[in-house]
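Shown below: structure-v8.cif, with mmCIF, C-alpha atoms.
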data_my_file
loop_
_atom_site.label_atom_id
_atom_site.label_comp_id
_atom_site.auth_asym_id
_atom_site.auth_seq_id
_atom_site.Cartn_x
_atom_site.Cartn_y
_atom_site.Cartn_z
CA MET A 1 0.00 0.00 0.00
CA PRO A 2 1.47 3.41 -0.94
CA ALA A 3 2.09 6.03 1.73
CA LEU A 4 -1.14 7.38 3.19
CA GLN A 5 -1.96 10.94 4.15
CA LEU A 6 -3.80 10.96 7.47
CA LYS A 7 -5.51 14.07 8.79
CA TYR A 8 -4.62 15.42 12.22
CA GLY A 9 -6.49 18.63 12.97
CA SER A 10 -5.67 20.93 10.07
CA GLU A 11 -2.42 19.06 9.35
CA THR A 12 -1.66 15.97 7.27
CA LEU A 13 0.61 13.17 8.50
CA SER A 14 2.27 10.66 6.21
CA LEU A 15 2.10 6.94 7.01
CA ASP A 16 4.00 4.24 5.13
CA LEU A 17 2.89 0.74 6.12
CA PRO A 18 3.06 -1.44 3.00
CA ASP A 19 1.52 -4.52 4.66
CA ALA A 20 -1.43 -2.73 6.23
CA SER A 21 -5.02 -2.96 5.02
CA LEU A 22 -7.07 0.16 4.40
CA LEU A 23 -10.61 0.62 5.71
CA ARG A 24 -12.66 3.31 3.99
CA ALA A 25 -16.29 4.24 3.58
CA ALA A 26 -18.05 3.01 0.46
CA ASP A 27 -17.65 5.21 -2.62
CA PRO A 28 -21.03 6.76 -3.51
CA GLY A 29 -19.75 7.64 -6.96
CA PRO A 30 -19.60 11.16 -8.33
CA PRO A 31 -22.47 13.03 -6.67
CA ALA A 32 -24.60 15.57 -8.44
CA PRO A 33 -23.85 19.23 -7.72
CA PRO A 34 -24.86 20.08 -4.12
CA GLU A 35 -27.43 22.68 -5.12
CA GLN A 36 -29.08 20.14 -7.42
CA LEU A 37 -29.26 17.50 -4.67
CA ILE A 38 -30.72 20.01 -2.21
CA SER A 39 -33.28 21.34 -4.69
CA ARG A 40 -34.42 17.84 -5.69
CA ALA A 41 -34.96 16.88 -2.05
CA LEU A 42 -36.87 20.09 -1.35
CA ASP A 43 -39.05 19.48 -4.41
CA ALA A 44 -40.00 15.95 -3.33
CA PRO A 45 -40.09 15.75 0.48
CA ILE A 46 -40.81 12.44 2.19
CA ASP A 47 -44.18 12.02 3.89
CA THR A 48 -45.05 15.72 4.00
CA LEU A 49 -45.99 18.66 1.78
CA PRO A 50 -43.32 20.79 0.09
CA LEU A 51 -42.08 23.63 2.26
CA GLU A 52 -43.77 26.26 0.09
CA ARG A 53 -47.16 24.70 0.90
CA ILE A 54 -46.48 24.56 4.64
CA VAL A 55 -45.42 28.13 5.44
CA ARG A 56 -47.53 31.27 5.01
CA PRO A 57 -46.58 34.95 4.55
CA GLY A 58 -46.19 36.71 7.88
CA GLU A 59 -45.38 33.55 9.84
CA SER A 60 -42.27 33.34 11.98
CA VAL A 61 -39.88 30.55 10.97
CA THR A 62 -37.04 29.12 13.06
CA ILE A 63 -34.38 27.04 11.34
CA VAL A 64 -32.33 24.80 13.64
CA THR A 65 -28.86 23.85 12.45
CA SER A 66 -25.76 22.17 13.90
CA ASP A 67 -22.76 23.81 15.51
CA ILE A 68 -19.19 23.85 14.21
CA THR A 69 -18.36 20.39 15.62
CA ARG A 70 -20.28 18.88 12.70
CA ALA A 71 -19.70 19.52 9.02
CA THR A 72 -23.21 19.48 7.52
CA GLY A 73 -23.14 21.51 4.31
CA SER A 74 -25.18 24.23 6.05
CA GLU A 75 -23.45 27.00 4.11
CA ARG A 76 -25.00 25.45 0.98
CA TYR A 77 -28.44 24.33 2.13
CA LEU A 78 -29.37 27.26 4.40
CA PRO A 79 -29.37 29.82 1.54
CA LEU A 80 -31.59 27.53 -0.56
CA LEU A 81 -33.98 27.04 2.37
CA VAL A 82 -34.25 30.79 2.90
CA GLU A 83 -34.77 31.31 -0.83
CA ARG A 84 -37.74 28.91 -0.70
CA LEU A 85 -39.15 30.68 2.33
CA ASN A 86 -38.81 34.05 0.61
CA ARG A 87 -40.61 32.72 -2.45
CA ALA A 88 -43.43 31.58 -0.17
CA GLY A 89 -43.77 35.13 1.18
CA VAL A 90 -41.74 34.77 4.40
CA MET A 91 -39.53 37.82 4.89
CA ASP A 92 -35.94 37.70 6.14
CA ALA A 93 -36.99 39.59 9.28
CA ASP A 94 -39.35 36.72 10.21
CA ILE A 95 -36.62 34.06 9.99
CA ARG A 96 -34.31 33.04 12.85
CA ILE A 97 -31.49 30.50 12.80
CA VAL A 98 -30.81 28.73 16.09
CA ILE A 99 -27.49 26.91 16.49
CA ALA A 100 -28.18 23.54 18.12
CA LEU A 101 -25.41 23.56 20.69
CA GLY A 102 -26.89 20.92 22.98
CA ILE A 103 -24.48 21.22 25.90
CA HIS A 104 -21.58 22.48 23.74
CA ARG A 105 -19.89 25.87 24.01
CA ARG A 106 -21.09 29.04 22.31
CA GLN A 107 -19.92 29.73 18.77
CA THR A 108 -17.55 32.49 17.74
CA GLU A 109 -18.39 35.08 15.10
CA ALA A 110 -16.09 33.29 12.66
CA GLU A 111 -17.91 30.02 13.33
CA HIS A 112 -21.29 31.67 12.74
CA ARG A 113 -19.95 32.97 9.43
CA LYS A 114 -18.83 29.49 8.42
CA ILE A 115 -22.14 27.86 9.39
CA LEU A 116 -24.37 30.45 7.70
CA GLY A 117 -22.22 31.14 4.65
CA PRO A 118 -23.69 34.00 2.57
CA LEU A 119 -26.60 34.38 5.00
CA TYR A 120 -24.35 35.75 7.74
CA GLY A 121 -25.36 39.34 8.54
CA ARG A 122 -28.63 38.90 6.65
CA ILE A 123 -30.55 36.39 8.80
CA ALA A 124 -30.57 36.66 12.61
CA VAL A 125 -28.63 33.85 14.34
CA VAL A 126 -28.61 32.87 18.02
CA ASP A 127 -26.85 30.14 20.00
CA HIS A 128 -28.96 27.82 22.12
CA ASP A 129 -28.22 27.88 25.85
CA CYS A 130 -29.36 24.75 27.67
CA ASP A 131 -28.91 26.38 31.10
CA ASP A 132 -30.70 29.72 30.67
CA PRO A 133 -34.29 29.40 31.96
CA ARG A 134 -35.26 32.59 30.14
CA GLN A 135 -34.49 30.86 26.85
CA LEU A 136 -36.45 27.69 27.64
CA VAL A 137 -40.08 26.65 27.40
CA GLU A 138 -41.49 23.55 29.09
CA LEU A 139 -43.47 21.34 26.71
CA GLY A 140 -44.49 18.56 29.09
CA THR A 141 -43.30 15.12 30.10
CA VAL A 142 -42.87 11.96 28.04
CA ASP A 143 -42.06 8.59 29.65
CA GLY A 144 -41.06 10.44 32.81
CA ILE A 145 -38.68 12.75 30.90
CA PRO A 146 -39.23 16.50 31.39
CA VAL A 147 -39.05 18.18 27.97
CA ALA A 148 -38.06 21.83 27.69
CA VAL A 149 -36.64 23.46 24.57
CA ASN A 150 -35.36 26.75 23.23
CA ARG A 151 -37.97 29.52 23.36
CA THR A 152 -37.19 30.77 19.84
CA VAL A 153 -37.95 27.26 18.59
CA ALA A 154 -41.01 26.63 20.74
CA GLU A 155 -42.69 29.95 19.96
CA ALA A 156 -42.09 29.99 16.20
CA ASP A 157 -45.04 29.45 13.89
CA ARG A 158 -42.92 27.02 11.86
CA VAL A 159 -39.84 24.98 12.77
CA ILE A 160 -37.36 23.52 10.28
CA VAL A 161 -34.74 21.10 11.62
CA THR A 162 -31.50 20.63 9.68
CA GLY A 163 -28.24 18.79 10.17
CA THR A 164 -26.32 15.77 8.97
CA ILE A 165 -26.68 12.03 9.47
CA GLY A 166 -23.75 9.95 10.63
CA VAL A 167 -23.22 6.96 12.87
CA HIS A 168 -23.62 7.75 16.58
CA TYR A 169 -22.00 5.58 19.20
CA PHE A 170 -25.08 5.02 21.37
CA ALA A 171 -28.02 6.81 19.66
CA GLY A 172 -27.59 4.72 16.50
CA PHE A 173 -27.37 7.63 14.09
CA GLY A 174 -27.07 11.38 14.40
CA GLY A 175 -29.28 13.87 12.63
CA GLY A 176 -33.06 13.95 12.59
CA ARG A 177 -34.53 14.17 16.06
CA LYS A 178 -31.11 14.91 17.60
CA GLY A 179 -31.23 18.39 16.09
CA LEU A 180 -33.95 19.13 18.64
CA VAL A 181 -32.94 16.84 21.51
CA PRO A 182 -30.25 17.42 22.64
CA GLY A 183 -29.68 20.17 20.06
CA VAL A 184 -32.04 22.84 21.45
CA ALA A 185 -33.17 21.13 24.65
CA ALA A 186 -32.70 21.99 28.31
CA ARG A 187 -29.83 20.28 30.08
CA ALA A 188 -32.25 18.18 32.16
CA THR A 189 -33.92 16.93 28.98
CA CYS A 190 -30.57 16.08 27.42
CA MET A 191 -29.49 14.12 30.48
CA ALA A 192 -32.76 12.25 30.95
CA THR A 193 -32.94 11.04 27.35
CA HIS A 194 -29.29 10.01 27.22
CA PHE A 195 -29.53 8.22 30.56
CA LYS A 196 -31.49 5.57 28.67
CA VAL A 197 -28.10 4.23 27.57
CA PHE A 198 -28.09 2.18 30.79
CA ASN A 199 -29.91 -1.02 31.60
CA PRO A 200 -32.16 -0.93 34.70
CA PRO A 201 -30.16 -0.86 37.97
CA GLU A 202 -30.95 -4.48 38.78
CA VAL A 203 -29.32 -5.53 35.49
CA GLY A 204 -26.50 -3.00 35.33
CA GLY A 205 -24.26 -2.04 32.43
CA LYS A 206 -25.03 -0.43 29.09
CA HIS A 207 -28.09 -1.44 27.09
CA PRO A 208 -26.92 -3.75 24.26
CA LEU A 209 -29.02 -1.98 21.62
CA ALA A 210 -27.74 1.50 22.53
CA ALA A 211 -25.14 1.03 19.83
CA PRO A 212 -23.88 2.58 16.58
CA ALA A 213 -26.02 2.05 13.45
CA VAL A 214 -28.84 0.52 15.57
CA LEU A 215 -32.27 2.19 15.77
CA ASP A 216 -34.70 -0.70 16.30
CA GLY A 217 -34.97 -1.31 20.03
CA ASN A 218 -32.46 1.42 20.85
CA PRO A 219 -33.78 3.06 24.06
CA VAL A 220 -31.82 6.29 23.57
CA HIS A 221 -33.16 6.77 20.04
CA ALA A 222 -36.72 6.04 21.22
CA ALA A 223 -36.50 8.54 24.10
CA ILE A 224 -35.00 11.29 21.95
CA LEU A 225 -37.61 10.80 19.21
CA LYS A 226 -40.53 10.95 21.66
CA ALA A 227 -39.14 14.11 23.26
CA ALA A 228 -38.47 15.75 19.88
CA ARG A 229 -42.02 15.03 18.74
CA LEU A 230 -43.34 17.37 21.44
CA VAL A 231 -41.76 20.21 19.46
CA ALA A 232 -43.85 19.14 16.44
CA PRO A 233 -41.36 20.38 13.80
CA ASP A 234 -42.82 21.14 10.39
CA PHE A 235 -39.95 20.06 8.15
CA LEU A 236 -36.60 18.25 8.17
CA LEU A 237 -33.57 18.69 5.94
CA ASN A 238 -30.64 16.34 6.57
CA THR A 239 -27.54 15.70 4.54
CA VAL A 240 -25.32 12.64 4.32
CA LEU A 241 -21.71 13.59 3.63
CA THR A 242 -18.74 11.70 2.25
CA PRO A 243 -15.67 11.60 4.51
CA ASP A 244 -14.19 14.48 2.51
CA LYS A 245 -17.33 16.52 3.30
CA ARG A 246 -19.00 16.35 -0.11
CA ILE A 247 -22.79 16.03 -0.03
CA ALA A 248 -23.68 12.45 -1.00
CA GLY A 249 -27.41 12.75 -0.34
CA VAL A 250 -30.08 15.12 0.93
CA PHE A 251 -33.29 14.06 2.67
CA CYS A 252 -36.26 16.32 3.28
CA GLY A 253 -39.67 15.80 4.80
CA GLU A 254 -41.25 14.46 7.98
CA LEU A 255 -39.01 14.25 11.06
CA GLU A 256 -38.83 10.47 11.39
CA GLN A 257 -39.42 9.16 7.87
CA ALA A 258 -36.97 11.50 6.11
CA HIS A 259 -34.39 10.73 8.79
CA LEU A 260 -34.83 6.97 8.34
CA ALA A 261 -34.29 7.33 4.60
CA GLY A 262 -31.06 9.19 5.26
CA CYS A 263 -29.97 6.57 7.79
CA ASP A 264 -30.30 3.89 5.10
CA LEU A 265 -27.77 5.73 2.93
CA ALA A 266 -25.48 6.42 5.88
CA ARG A 267 -25.54 2.74 6.83
CA ARG A 268 -24.60 1.70 3.27
CA LEU A 269 -21.76 4.22 3.10
CA TYR A 270 -20.33 4.07 6.60
CA THR A 271 -20.59 0.47 7.82
CA VAL A 272 -17.71 -1.57 6.38
CA PRO A 273 -17.44 -5.37 6.81
CA LEU A 274 -14.16 -6.99 7.90
CA ALA A 275 -13.36 -10.68 7.51
CA THR A 276 -10.85 -10.75 10.37
CA ALA A 277 -10.12 -8.58 13.40
CA ALA A 278 -6.83 -6.69 13.43
CA ASP A 279 -3.99 -6.68 15.95
CA LEU A 280 -3.27 -2.98 15.32
CA ALA A 281 -5.49 -0.17 14.06
CA VAL A 282 -4.15 3.27 13.15
CA ILE A 283 -7.15 5.58 13.41
CA SER A 284 -7.42 9.18 12.24
CA CYS A 285 -10.61 10.95 13.28
CA GLY A 286 -10.63 12.53 9.84
CA GLY A 287 -9.16 15.87 10.91
CA ALA A 288 -11.05 19.02 11.89
CA PRO A 289 -13.78 19.33 13.05
CA LYS A 290 -13.97 15.64 13.99
CA ASP A 291 -10.99 16.00 16.34
CA ILE A 292 -11.75 19.54 17.53
CA ASN A 293 -11.99 18.16 21.08
CA PHE A 294 -11.80 14.77 22.75
CA ILE A 295 -15.56 14.37 23.17
CA GLN A 296 -15.85 14.52 19.37
CA ALA A 297 -12.70 12.44 18.81
CA HIS A 298 -14.00 9.70 21.09
CA LYS A 299 -16.42 8.65 18.34
CA ALA A 300 -13.51 7.58 16.13
CA LEU A 301 -12.06 5.60 19.03
CA ASP A 302 -15.40 3.92 19.72
CA TYR A 303 -15.85 2.87 16.10
CA GLY A 304 -12.21 2.04 15.39
CA VAL A 305 -11.60 -0.41 18.24
CA ARG A 306 -14.43 -2.54 16.87
CA ALA A 307 -11.95 -3.62 14.19
CA LEU A 308 -9.58 -5.05 16.84
CA ARG A 309 -9.25 -8.43 18.48
CA PRO A 310 -9.65 -8.38 22.27
CA GLY A 311 -6.56 -6.76 23.74
CA GLY A 312 -5.48 -5.30 20.40
CA THR A 313 -3.74 -1.95 20.01
CA ALA A 314 -5.19 1.29 18.66
CA ILE A 315 -3.27 4.42 17.70
CA LEU A 316 -5.64 7.40 17.73
CA LEU A 317 -4.69 10.62 15.94
CA ALA A 318 -6.76 13.37 17.57
CA GLU A 319 -5.28 16.86 17.87
CA CYS A 320 -8.05 18.26 20.14
CA PRO A 321 -7.17 21.98 19.92
CA ASP A 322 -10.28 22.79 22.01
CA GLY A 323 -9.18 20.38 24.74
CA PHE A 324 -11.67 17.95 26.21
CA GLY A 325 -14.78 19.69 24.86
CA HIS A 326 -16.44 20.46 28.20
CA PRO A 327 -15.10 21.76 31.53
CA THR A 328 -16.45 18.81 33.54
CA PHE A 329 -15.35 15.98 31.23
CA PHE A 330 -11.88 15.32 32.65
CA ASP A 331 -13.14 15.48 36.26
CA TRP A 332 -14.93 12.16 35.76
CA PHE A 333 -11.63 10.29 35.55
CA ARG A 334 -11.33 10.60 39.31
CA HIS A 335 -13.29 7.33 39.09
CA GLN A 336 -10.82 4.68 37.97
CA ASP A 337 -12.83 1.65 39.05
CA LEU A 338 -15.41 1.01 36.30
CA ASP A 339 -18.12 -0.28 38.65
CA ALA A 340 -17.73 2.73 40.92
CA PHE A 341 -17.72 4.96 37.84
CA GLU A 342 -21.05 3.51 36.66
CA THR A 343 -22.54 3.92 40.13
CA ALA A 344 -21.51 7.59 40.16
CA LEU A 345 -23.04 8.11 36.72
CA ARG A 346 -26.32 6.56 37.73
CA ALA A 347 -26.42 8.83 40.77
CA ASP A 348 -25.65 12.02 38.83
CA TYR A 349 -25.86 11.36 35.11
CA GLN A 350 -23.96 13.65 32.77
CA ILE A 351 -23.53 13.08 29.02
CA ASN A 352 -19.86 14.04 29.38
CA GLY A 353 -19.52 11.50 32.15
CA GLN A 354 -21.02 8.84 29.89
CA THR A 355 -18.40 9.62 27.24
CA ALA A 356 -15.64 9.54 29.87
CA HIS A 357 -16.88 6.18 31.15
CA ALA A 358 -17.03 4.79 27.59
CA THR A 359 -13.48 6.03 27.01
CA LEU A 360 -12.16 4.27 30.10
CA VAL A 361 -14.01 1.04 29.22
CA LYS A 362 -12.28 0.92 25.84
CA ALA A 363 -8.90 1.85 27.30
CA ARG A 364 -9.21 -1.16 29.63
CA ARG A 365 -10.23 -3.56 26.85
CA TYR A 366 -7.58 -2.42 24.38
CA ARG A 367 -4.22 -0.73 24.42
CA VAL A 368 -4.78 2.82 23.21
CA ILE A 369 -1.93 5.14 22.20
CA LEU A 370 -3.05 8.73 21.78
CA VAL A 371 -1.34 11.36 19.62
CA SER A 372 -2.83 14.69 20.73
CA ARG A 373 -2.14 17.97 22.51
CA PHE A 374 -2.88 16.45 25.92
CA SER A 375 -0.13 15.94 28.46
CA ALA A 376 1.13 12.50 29.43
CA GLU A 377 -0.62 12.87 32.79
CA GLN A 378 -3.97 13.77 31.24
CA THR A 379 -3.65 10.93 28.73
CA ALA A 380 -2.79 8.41 31.45
CA ALA A 381 -5.79 9.47 33.54
CA MET A 382 -7.98 8.55 30.56
CA GLY A 383 -6.36 5.11 30.51
CA MET A 384 -4.24 5.73 27.42
CA GLU A 385 -0.57 6.18 26.57
CA LYS A 386 0.74 9.42 25.10
CA ALA A 387 2.90 9.57 21.99
CA GLU A 388 4.30 12.84 20.69
CA THR A 389 4.27 11.75 17.04
CA LEU A 390 2.79 9.08 14.81
CA ASP A 391 6.23 7.49 14.35
CA ALA A 392 6.71 7.31 18.12
CA ALA A 393 3.24 5.78 18.49
CA LEU A 394 4.10 3.06 15.99
CA GLN A 395 7.34 2.21 17.81
CA MET A 396 5.41 1.96 21.07
CA ALA A 397 2.69 -0.15 19.48
CA TYR A 398 5.04 -2.78 18.10
CA GLN A 399 6.21 -3.56 21.62
CA GLY A 400 3.95 -6.36 22.78
CA LEU A 401 2.41 -7.09 19.38
CA PRO A 402 3.09 -10.36 17.51
CA GLU A 403 5.57 -10.34 14.66
CA ASN A 404 3.92 -9.12 11.45
CA PRO A 405 0.73 -7.95 13.20
CA ARG A 406 -2.47 -7.73 11.22
CA THR A 407 -2.64 -3.97 10.73
CA LEU A 408 -5.53 -1.80 9.65
CA VAL A 409 -5.48 1.90 8.77
CA ILE A 410 -8.71 3.90 9.14
CA PRO A 411 -8.30 7.41 7.67
CA ASP A 412 -11.86 8.51 8.50
CA GLY A 413 -12.39 6.99 11.92
CA GLY A 414 -15.03 9.52 12.92
CA THR A 415 -17.22 8.33 10.06
CA VAL A 416 -16.54 4.64 9.38
CA LEU A 417 -17.94 1.77 11.47
CA PRO A 418 -16.02 -1.52 11.05
CA VAL A 419 -18.09 -4.70 11.38
CA VAL A 420 -16.03 -7.86 11.93
CA ARG A 421 -17.68 -10.97 10.48
CA GLU A 422 -15.36 -13.77 11.58
CA SER A 423 -16.75 -17.30 11.63
#

Would you give me this structure, written as C-alpha cells?
Amino acid sequence: MPALQLKYGSETLSLDLPDASLLRAADPGPPAPPEQLISRALDAPIDTLPLERIVRPGESVTIVTSDITRATGSERYLPLLVERLNRAGVMDADIRIVIALGIHRRQTEAEHRKILGPLYGRIAVVDHDCDDPRQLVELGTVDGIPVAVNRTVAEADRVIVTGTIGVHYFAGFGGGRKGLVPGVAARATCMATHFKVFNPPEVGGKHPLAAPAVLDGNPVHAAILKAARLVAPDFLLNTVLTPDKRIAGVFCGELEQAHLAGCDLARRLYTVPLATAADLAVISCGGAPKDINFIQAHKALDYGVRALRPGGTAILLAECPDGFGHPTFFDWFRHQDLDAFETALRADYQINGQTAHATLVKARRYRVILVSRFSAEQTAAMGMEKAETLDAALQMAYQGLPENPRTLVIPDGGTVLPVVRES
C-alpha cells in the first residue's frame, strides 16, 4: 500500500505501512452538484408537503442547524432554504437560525460565518443555551422525561430542523430528532434522554441496543424521538456527507421518515465489513472538526476499536485543539474503578460523564496510544498512553504485538464503522 496521508487537525501526517489494510467508507460515486441535490430533495419531500405549501406569509420561521463540531453543508443548504421561504412570502426579518449547541460551548463570530455562509449578517442567528431558563419553554413530560426546549424554537409558527446524518455511538445515528434533543433542549432533557443508555439498575451495564447504526430497540433513540415530537417540527432537511465533506445525499420531509431514509444511505456508506479482526489499528478521526476536542474524537475511538481483536492496540490521531470539549469531562476520571464509575453516573448522570466512562471502558479492553495535545498525565488518567508523534506511536505499538501484526489503517475513523464478520 502506498504512503497514506492521514488528517490530524488541520495538518496531514504521512504513514508508510506497505503490509497494512485500508478501511474506507463506500464510494457513492460522483455526486450531483450540491445545489441540485438540495433542490431535488426540497421538491420531493418524504411524507409531507413541500415547504412552500407549509409556510404562510407573515409567519415566523425558526431554522435549527448544527454547531461547528459537525460539518453538515449548512453553508450550501441554508441559503436555498431561505430562498424557498422568501418565495413563499416569508420575509428575512421573520426568519431566525438557532445553532443547536446541545451542551456544547457558544460559537464564535467566525464560526457563525462558516455555518451560515452568505446568510451571515442577513438572517438573525442565536446560539442555544441549555442552562438559561429565560431561553427555555417547558413542553411537558414523556415517559417520565421533562421536555423543555429553546424559546425561539417553541414559539415559532414554523420549525425547520436541519443537520447531517452519521453513525452515533449510542443513539444509533445522528441527525433527525437529535437536532432538537439534545440540540435545542434543556440540560435536564438532554441528560434524561441520554440516561437511557443504561440497563435498569438491577441488570447494570449499558443497554446492548444502545449502539452505533442501531435504531430498532435502541432506548436512547426512542427517548429522543418521543421528546423531539413534542416540538412538532414542520420540516426536516438532513444531509449525508462523504468523509471528505461532499454532499452524497439530501433528505427532506417528515421528522422520522426522512431521517430513516437518510440513515439507510449512511448505513450503506459508513458500515464496512471486515473478515478478520486486526492486531493494530491506526485511526485518524478525519481531521477538523472531527478532532476539535476529545468528546468529538472519542467517536472515532469507539468505532475504530471494533476492528480489533480483544486486547489489540489502537493508535488514535486526535489533535483536540479545544481540549476535552467540556469543563467537567476530565473530572470524571477521578473514578478509575469502572463499577464505581457507573454507580456515580447513575447517581448524577452527565452526558460528558457517559463519554468519559465509555473512554475508560475501551482503554481497559484495548491498548490505546493517543497522539494529541494532551499531556502525558492527562492521557494516562484517561487510561491511554501518550505519543508525541505518529512514528513514536508506531514504535510503542510494536512492543507487545506479535511479529507481522495484522494492521488496519482507518483514515476517517469519525465516520466509518467496522463490522467484523469472523466465523

Surrounding residues of range 313-320 of chain A excluding itself and chain neighbours under 4 positions, 6 Å, all atoms listed in the file, as a list in words
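Here the answer would be Tyr8, Gly9, Leu280, Ala281, Val282, Ile283, Ser284, Asp291, Ile292, Asn293, Phe294, Tyr366, Arg367, Val368, Ile369, Leu370, Val371, Ser372 and Arg373 of chain A.
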
To one decimal place in Å, what is the distance between CA of Ala3 in chain A and CA of Gly166 in chain A?
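These atoms are spaced 27.6 Å apart.
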
Which of these, A:His168, A:Arg24, A:Lys206, A:Lys290, has the shortest distance to Gln354 in chain A once you count all atoms listed in the file?
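Smallest distance to Gln354 in chain A is found for A:Lys206.
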
Top pick for closest residue to Ile38 in chain A, considering A:Arg84, A:Arg70, A:Arg309, A:His104 and counting all atoms listed in the file:
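Ranking A:Arg84, A:Arg70, A:Arg309, A:His104 by distance to Ile38 in chain A, first place goes to A:Arg84.
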
Just how far from CA of Arg177 in chain A is CA of Leu225 in chain A, in Å to one decimal?
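Taking CA of Leu225 in chain A as the start and CA of Arg177 in chain A as the end point, the length is 5.5 Å.
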
Residue by residue, what does the PyMOL selection byres ((chain A and resi 411-413) around 9) grab here? Present the result as a VMD selection string.
chain A and resid 4 to 7 22 to 25 243 to 244 282 to 287 297 299 to 304 316 409 to 410 414 to 417
